[in-house]
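*Asks:* File entry-v5.csv below, CSV, C-alpha atoms:
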chain,number,residue,atom,x,y,z
A,1,MET,CA,0.0,0.0,0.0
A,2,SER,CA,1.5,3.4,-1.0
A,3,THR,CA,0.1,5.3,2.0
A,4,ALA,CA,-0.2,4.0,5.5
A,5,PRO,CA,-3.9,3.4,6.4
A,6,LEU,CA,-3.4,5.5,9.6
A,7,GLU,CA,-2.5,8.5,7.4
A,8,VAL,CA,-5.7,8.0,5.3
A,9,PHE,CA,-7.9,7.6,8.3
A,10,ALA,CA,-6.4,10.6,10.0
A,11,ALA,CA,-7.0,12.7,6.9
A,12,LEU,CA,-10.6,11.4,6.6
A,13,GLY,CA,-11.3,11.8,10.3
A,14,ASP,CA,-12.1,15.5,9.8
A,15,PRO,CA,-15.6,16.3,8.4
A,16,THR,CA,-14.3,19.3,6.5
A,17,ARG,CA,-11.8,17.2,4.7
A,18,GLN,CA,-14.4,14.5,4.0
A,19,ARG,CA,-16.6,17.2,2.3
A,20,LEU,CA,-13.6,18.6,0.5
A,21,LEU,CA,-12.8,15.2,-0.9
A,22,ASP,CA,-16.4,14.9,-2.2
A,23,VAL,CA,-16.1,18.3,-3.8
A,24,VAL,CA,-12.8,17.4,-5.5
A,25,ALA,CA,-14.3,14.1,-6.7
A,26,GLY,CA,-17.2,16.1,-8.2
A,27,GLY,CA,-14.9,18.2,-10.3
A,28,GLY,CA,-13.4,20.6,-7.7
A,29,GLY,CA,-12.6,24.0,-8.9
A,30,SER,CA,-10.4,26.8,-7.6
A,31,ALA,CA,-9.7,26.9,-3.9
A,32,ALA,CA,-12.0,30.0,-3.7
A,33,ASP,CA,-14.8,28.1,-5.4
A,34,MET,CA,-14.4,25.1,-3.2
A,35,GLY,CA,-14.3,27.4,-0.1
A,36,ALA,CA,-17.5,29.1,-1.2
A,37,LEU,CA,-19.2,25.6,-1.5
A,38,LEU,CA,-18.0,24.6,1.9
A,39,ASP,CA,-18.3,28.0,3.6
A,40,ILE,CA,-14.6,28.1,4.5
A,41,THR,CA,-11.8,30.4,3.4
A,42,ARG,CA,-9.5,29.8,0.5
A,43,GLN,CA,-6.7,29.5,2.9
A,44,ALA,CA,-8.5,26.8,4.9
A,45,VAL,CA,-9.2,24.9,1.6
A,46,GLU,CA,-5.5,25.0,0.7
A,47,LYS,CA,-4.5,23.8,4.2
A,48,GLN,CA,-7.0,20.9,4.1
A,49,LEU,CA,-6.0,20.0,0.5
A,50,ARG,CA,-2.3,19.7,1.7
A,51,VAL,CA,-3.4,17.2,4.4
A,52,LEU,CA,-5.4,15.2,1.8
A,53,GLU,CA,-2.4,15.4,-0.6
A,54,GLN,CA,0.1,14.2,2.1
A,55,ALA,CA,-2.2,11.3,2.8
A,56,GLY,CA,-2.2,10.4,-0.9
A,57,LEU,CA,-5.9,11.0,-1.3
A,58,VAL,CA,-5.6,13.8,-3.9
A,59,GLU,CA,-2.9,15.1,-6.2
A,60,ARG,CA,-2.4,18.4,-7.9
A,61,GLU,CA,-2.3,18.9,-11.6
A,62,GLN,CA,-0.8,22.1,-13.0
A,63,LEU,CA,-3.0,23.6,-15.8
A,64,GLY,CA,-1.1,26.6,-16.9
A,65,ARG,CA,-1.5,29.1,-14.1
A,66,ARG,CA,-4.2,27.1,-12.4
A,67,VAL,CA,-3.9,24.2,-10.1
A,68,ARG,CA,-6.5,21.4,-10.2
A,69,PHE,CA,-6.8,18.7,-7.6
A,70,VAL,CA,-8.0,15.2,-8.5
A,71,VAL,CA,-8.8,12.2,-6.3
A,72,ARG,CA,-6.2,9.4,-6.2
A,73,THR,CA,-8.6,6.4,-6.4
A,74,GLU,CA,-5.8,3.9,-6.0
A,75,THR,CA,-5.2,5.1,-2.4
A,76,LEU,CA,-8.9,4.6,-1.6
A,77,ALA,CA,-8.8,1.2,-3.3
A,78,ASP,CA,-5.7,0.2,-1.4
A,79,THR,CA,-7.3,1.3,1.9
A,80,ALA,CA,-10.4,-0.7,1.1
A,81,THR,CA,-8.3,-3.8,0.3
A,82,TRP,CA,-6.5,-3.4,3.6
A,83,LEU,CA,-9.8,-3.0,5.5
A,84,ALA,CA,-11.2,-6.1,3.8
A,85,ALA,CA,-8.1,-8.2,4.7
A,86,LEU,CA,-8.4,-7.0,8.3
A,87,ALA,CA,-12.1,-7.8,8.4
A,88,THR,CA,-11.3,-11.4,7.1
A,89,THR,CA,-8.7,-11.8,9.8
A,90,TRP,CA,-11.2,-10.7,12.5
A,91,ASP,CA,-14.0,-12.9,11.1
A,92,ARG,CA,-11.7,-15.9,11.4
A,93,ARG,CA,-10.7,-15.0,14.9
A,94,LEU,CA,-14.3,-14.4,16.0
A,95,ALA,CA,-15.4,-17.7,14.4
A,96,ALA,CA,-12.8,-19.5,16.4
A,97,VAL,CA,-14.1,-17.8,19.6
A,98,ARG,CA,-17.6,-18.7,18.7
A,99,ALA,CA,-16.7,-22.3,18.1
A,100,LEU,CA,-15.0,-22.5,21.5
A,101,ALA,CA,-17.9,-20.8,23.2
A,102,GLU,CA,-20.3,-23.3,21.6
A,103,GLY,CA,-18.2,-26.3,22.7
A,104,GLY,CA,-17.1,-27.1,19.1
A,105,PRO,CA,-13.8,-28.5,18.1
A,106,SER,CA,-10.8,-26.9,19.8
A,107,GLN,CA,-9.4,-24.2,17.5
A,108,GLY,CA,-6.1,-22.4,17.6
A,109,PRO,CA,-6.0,-18.5,17.9
A,110,LEU,CA,-6.5,-18.0,14.2
A,111,GLY,CA,-9.2,-20.5,13.6
A,112,GLN,CA,-6.7,-23.3,12.8
A,113,PRO,CA,-7.2,-26.7,14.4
A,114,ASN,CA,-5.4,-27.0,17.8
A,115,PRO,CA,-2.9,-29.9,17.7
A,116,ASP,CA,-3.4,-30.4,21.4
A,117,GLY,CA,-7.0,-31.3,21.1
Reformat the file's structure so that it appears as structure tokens.
*Replies:*
Amino acid sequence: MSTAPLEVFAALGDPTRQRLLDVVAGGGGSAADMGALLDITRQAVEKQLRVLEQAGLVEREQLGRRVRFVVRTETLADTATWLAALATTWDRRLAAVRALAEGGPSQGPLGQPNPDG
């Protein structure tokens, strides 16, 4: 994964950045335009865009004198893949706990058969 999940979650943990990412995904615009949509200043938009950029969620494209931001979908896809793998691991662990609680066959900590019985 190109960006650590913690960085992505930290960036998305702020409601303003969540809304800003939605605006960028919808086509964005200038920092002033995005600020007007979100009712925040141009400077605040630029600050929040830097955080999203550092987390790998957006990237800037220079178009002459203008800067345009676009969503980096691969970072979102990598984070979703990481979450799915984590969910699978926890599903196996919880299934092992359930089997033990219901008196089923003895399972190891990751849902593997316990060689001791």
*Asks:* Could you please determine the separation between atom CA of A:Asp14 and atom CA of A:Asp91 in Å, to one decimal place?
*Replies:*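 Here the two named atoms are 28.5 Å from each other.
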*Asks:* Which one is closest to A:Ile40: A:Ala11, A:Ala80, A:Leu20, A:Val70? Count only C-alpha atoms.
*Replies:*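 Looking at the shortest contact to A:Ile40, the residue is A:Leu20.
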*Asks:* Check the smallest atom-to-atom distance from each of A:Phe69, A:Leu86, A:Arg50, A:Arg17 to A:Ser30 using all atoms listed in the file, then report the winner.
*Replies:* A:Phe69
*Asks:* Pick out the residues sitting within 12 Å of A:Arg19, and hand them over as a JSON list (two decimals) with C-alpha atoms, in the coordinates of the input; count only C-alpha atoms, and ignore anything fewer than 2 positions along from it in its own chain.
*Replies:*
[["chain", "number", "residue", "atom", "x", "y", "z"],
["A", 11, "ALA", "CA", -7.00, 12.70, 6.90],
["A", 12, "LEU", "CA", -10.60, 11.40, 6.60],
["A", 13, "GLY", "CA", -11.30, 11.80, 10.30],
["A", 14, "ASP", "CA", -12.10, 15.50, 9.80],
["A", 15, "PRO", "CA", -15.60, 16.30, 8.40],
["A", 16, "THR", "CA", -14.30, 19.30, 6.50],
["A", 17, "ARG", "CA", -11.80, 17.20, 4.70],
["A", 21, "LEU", "CA", -12.80, 15.20, -0.90],
["A", 22, "ASP", "CA", -16.40, 14.90, -2.20],
["A", 23, "VAL", "CA", -16.10, 18.30, -3.80],
["A", 24, "VAL", "CA", -12.80, 17.40, -5.50],
["A", 25, "ALA", "CA", -14.30, 14.10, -6.70],
["A", 26, "GLY", "CA", -17.20, 16.10, -8.20],
["A", 28, "GLY", "CA", -13.40, 20.60, -7.70],
["A", 34, "MET", "CA", -14.40, 25.10, -3.20],
["A", 35, "GLY", "CA", -14.30, 27.40, -0.10],
["A", 37, "LEU", "CA", -19.20, 25.60, -1.50],
["A", 38, "LEU", "CA", -18.00, 24.60, 1.90],
["A", 39, "ASP", "CA", -18.30, 28.00, 3.60],
["A", 40, "ILE", "CA", -14.60, 28.10, 4.50],
["A", 45, "VAL", "CA", -9.20, 24.90, 1.60],
["A", 48, "GLN", "CA", -7.00, 20.90, 4.10],
["A", 49, "LEU", "CA", -6.00, 20.00, 0.50],
["A", 52, "LEU", "CA", -5.40, 15.20, 1.80]]
*Asks:* Between atom CA of A:Ala55 and atom CA of A:Trp82, what distance in Å does the model show, to one decimal?
*Replies:*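 These atoms are spaced 15.3 Å apart.
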*Asks:* What does the structure give for the distance between atom CA of A:Thr73 and atom CA of A:Glu53, in Å to one decimal?
*Replies:*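 Between atom CA of A:Thr73 and atom CA of A:Glu53 the gap is 12.4 Å.
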*Asks:* Out of A:Leu94, A:Ala99, A:Val8, A:Gly29, which residue has the shortest atom-to-atom distance to A:Glu61 when counting all atoms listed in the file?
*Replies:*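 Among the listed residues, A:Gly29 lies closest to A:Glu61.
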*Asks:* When you count all atoms listed in the file, which of these residues is closest to A:Ala4: A:Ala44, A:Leu76, A:Leu100, A:Asp33?
*Replies:*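 Among the listed residues, the smallest separation from A:Ala4 belongs to A:Leu76.
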